[in-house]
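Undergrad: Handing you a structure now.
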Amino acid sequence: VIFDTGSGNLIVPSSSCTVPGCAPHKKYNSHDSSTSSFVTNEKGEGSSEITFGTGQVSGDFTKDKLCIGESLCFDANFIAATQMTTEPFQEIPFDGIMGLGFKDLSMGEGFNIVDDLSSRASQFSFFVSDDDDSEVTFGGYRAERLASEIVWAPVKVESWWQVSIDDITFNNQPKGLCDGACQVAVDTGTSMLAGPSDLVDKLSSMVNAKDDCSNFDELPNLGFQIGDLVLNLKPDDYMDKSSEGCSFSLMALDVPPPKGPVFIFGDPFLRRFVTIYDRSKPAVGFAVARHNGAADEVAASELIAHIRDGAGASPAAPSSTAATGGGAATGGG
């Protein structure tokens, strides 16, 4: 499965699904399980259809024993999909989706995996890499994956893992674009960076990147202020650079209230920062990801920095971390 903080249901293909969208995937067969049962939600519904940005899934509500690794097992309600649209599901490399968002994204009471995990593993974390060592850890985080201290931000809207940012910065200087009211949703299920169209247009104009990449080396770090600290993205993260030229990579995406307007941080952000999701607070923690050992510790003071007051930015502490929480079950991505 893909572990997706932007959705709220566990969905796996059912053995009864014979459409092309299910065909290439491993399937769940309820008849092979002595603990499987069909269930309903509090509305008496026993099935549902879910629409994603690029496809649809429909299926039956099912309950069975779920294990993540060998040590983390519990009874879970999920959707055994009987229909999956050909696009995109026929081509995706994973069989199903484990939604790790909050319960308002789920099919009903008792269908939320994060709540199911909360008494056993109230924290989980993501380390995302371009190599084959990406991983999700349940029960805490792996301190050796962190190259900085953790910056915690409280969840403001319990739907996505959505936090407030005070402003947007260029080279750690606030630009007065948020009025203290910008929101960011950290989404492990998306490959993109996106934001409200008006702000994306303003940022693109302010960055002023040349189409021919001639000023690429002079582009600023693009930062997001939390208190007196800034989480920075480098030009490599927020620009698309190729032999054909350069372009600003933040997509315009307008999410209506009450969840929006909101920035969506996907893979480019997740490769820079380990993200830690704590259901008990609830809050999201951010720390510079350690991909290259000591080099990342040196870079950490640039990626997490203090607000610049005109005299230059003082770096945030680059290397100390709190102890990992509890025993952790880790899975590669």
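Just so we're on the same page: first chain in the structure tokens is A, next is B, and so on; residues restart at 1 for each chain, and ligands are numbered from 1 in the order they show up.
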Going by DSSP on the backbone, which bits of region 98-276 of chain A are alpha helix (DSSP H)? Write them as number ranges by chain, please.
TA: A: 113-117, 197-207, 235-238, 267-272
Undergrad: Find, counting only C-alpha atoms, the residue in A:Glu45, A:Asp211, A:Asp267, A:Asp201 that gets nearest to Glu109 (chain A).
TA: A:Glu45
Undergrad: Residues of region 113-143 of chain A within 12 Å of region 1-20 of chain A: nearest atom pair and distance (Å, one decimal) for each, counting only C-alpha atoms, sorted by chain and number, as JSON lines?
TA:
```
{"residue": "A:Ile113", "atom": "CA", "partner": "A:Asn9", "partner_atom": "CA", "distance": 7.2}
{"residue": "A:Val114", "atom": "CA", "partner": "A:Gly8", "partner_atom": "CA", "distance": 8.4}
{"residue": "A:Asp115", "atom": "CA", "partner": "A:Gly8", "partner_atom": "CA", "distance": 10.4}
{"residue": "A:Asp116", "atom": "CA", "partner": "A:Leu10", "partner_atom": "CA", "distance": 11.6}
{"residue": "A:Phe124", "atom": "CA", "partner": "A:Thr5", "partner_atom": "CA", "distance": 10.7}
{"residue": "A:Ser125", "atom": "CA", "partner": "A:Thr5", "partner_atom": "CA", "distance": 10.6}
{"residue": "A:Phe126", "atom": "CA", "partner": "A:Phe3", "partner_atom": "CA", "distance": 9.4}
{"residue": "A:Phe127", "atom": "CA", "partner": "A:Phe3", "partner_atom": "CA", "distance": 11.9}
{"residue": "A:Val128", "atom": "CA", "partner": "A:Phe3", "partner_atom": "CA", "distance": 11.7}
{"residue": "A:Ser134", "atom": "CA", "partner": "A:Phe3", "partner_atom": "CA", "distance": 11.7}
{"residue": "A:Glu135", "atom": "CA", "partner": "A:Phe3", "partner_atom": "CA", "distance": 10.0}
{"residue": "A:Val136", "atom": "CA", "partner": "A:Phe3", "partner_atom": "CA", "distance": 8.0}
{"residue": "A:Thr137", "atom": "CA", "partner": "A:Phe3", "partner_atom": "CA", "distance": 10.8}
{"residue": "A:Phe138", "atom": "CA", "partner": "A:Phe3", "partner_atom": "CA", "distance": 11.4}
```
Undergrad: Please return, as JSON, numbers by chain, all residues of region 5-143 of chain A that DSSP assigns to strand (DSSP E) on the basis of the backbone.
TA: {"A": [10, 11, 12, 13, 37, 38, 47, 48, 49, 50, 51, 56, 57, 58, 59, 60, 61, 62, 63, 64, 65, 66, 67, 68, 72, 73, 74, 75, 76, 77, 78, 79, 80, 81, 82, 83, 84, 97, 98, 99, 123, 124, 125, 126, 127, 135, 136, 137, 138]}
Undergrad: What does the distance from CA of Asp131 (chain A) to CA of Ser191 (chain A) come to in Å, to one decimal?
TA: 15.2 Å
Undergrad: Ranking A:Gly245, A:Pro235, A:Gly108, A:Pro261 by minimum distance to Lys210 (chain A) and counting only C-alpha atoms, which one comes first?
TA: A:Gly245
Undergrad: My list of candidates is A:Gly140, A:Pro256, A:Pro174, A:Gly110. Which is closest to Val230 (chain A) when distances are computed with only C-alpha atoms?
TA: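 For Val230 (chain A), the nearest of the given residues is A:Pro174.
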Undergrad: May I ask which of the residues A:Ser148, A:Asn112, A:Ser48, A:Gln162 is the closest one to Lys259 (chain A), counting only C-alpha atoms?
TA: A:Gln162
Undergrad: Hey, what's within 8 Å of region 285-289 of chain A if we count only C-alpha atoms and toss same-chain stuff fewer than 2 positions away? As a PDB file with C-alpha atoms, in the first residue's frame, please?
TA:
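Printed below is result.pdb as written:
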```
ATOM      1  CA  PHE A 127      11.703   9.464   5.758  1.00  0.00           C
ATOM      2  CA  ARG A 145      17.433   9.712  10.185  1.00  0.00           C
ATOM      3  CA  LEU A 146      17.426  13.254  11.660  1.00  0.00           C
ATOM      4  CA  ALA A 147      20.090  15.878  11.018  1.00  0.00           C
ATOM      5  CA  SER A 148      18.536  18.596  13.198  1.00  0.00           C
ATOM      6  CA  GLU A 149      16.305  19.234  16.156  1.00  0.00           C
ATOM      7  CA  ILE A 150      12.575  18.762  15.678  1.00  0.00           C
ATOM      8  CA  VAL A 151      10.359  21.784  15.059  1.00  0.00           C
ATOM      9  CA  TRP A 152       6.817  21.049  16.276  1.00  0.00           C
ATOM     10  CA  ALA A 153       3.679  22.735  14.956  1.00  0.00           C
ATOM     11  CA  ARG A 271      12.706  14.633   0.824  1.00  0.00           C
ATOM     12  CA  ARG A 272      14.156  17.628   2.696  1.00  0.00           C
ATOM     13  CA  PHE A 273      12.419  17.006   6.023  1.00  0.00           C
ATOM     14  CA  VAL A 274      11.565  13.967   8.099  1.00  0.00           C
ATOM     15  CA  THR A 275       7.966  14.470   9.195  1.00  0.00           C
ATOM     16  CA  ILE A 276       6.627  13.125  12.492  1.00  0.00           C
ATOM     17  CA  TYR A 277       2.894  12.838  13.135  1.00  0.00           C
ATOM     18  CA  ASP A 278       1.777  12.805  16.773  1.00  0.00           C
ATOM     19  CA  ALA A 283       1.032  18.023  16.050  1.00  0.00           C
ATOM     20  CA  HIS A 291      20.644  11.482   3.636  1.00  0.00           C
ATOM     21  CA  ASP A 296      23.288  17.101   6.050  1.00  0.00           C
ATOM     22  CA  ALA A 300      20.665  21.744   8.485  1.00  0.00           C
ATOM     23  CA  LEU A 303      17.323  24.488   6.022  1.00  0.00           C
ATOM     24  CA  ILE A 304      16.010  25.273   9.524  1.00  0.00           C
TER      25      ILE A 304
END
```
Undergrad: Quick one: of A:Lys281, A:Val184, A:Glu158, A:Glu144, who's nearest to Glu297 (chain A), counting only C-alpha atoms?
TA: A:Glu144
Undergrad: Go through A:Pro196, A:Leu117, A:Ala252, A:Thr51 one by one, measure the shortest atom-to-atom distance of each to Cys67 (chain A) using only C-alpha atoms, and give the residue with the smallest value.
TA: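 Between A:Pro196, A:Leu117, A:Ala252, A:Thr51, the residue approaching Cys67 (chain A) most closely is A:Leu117.
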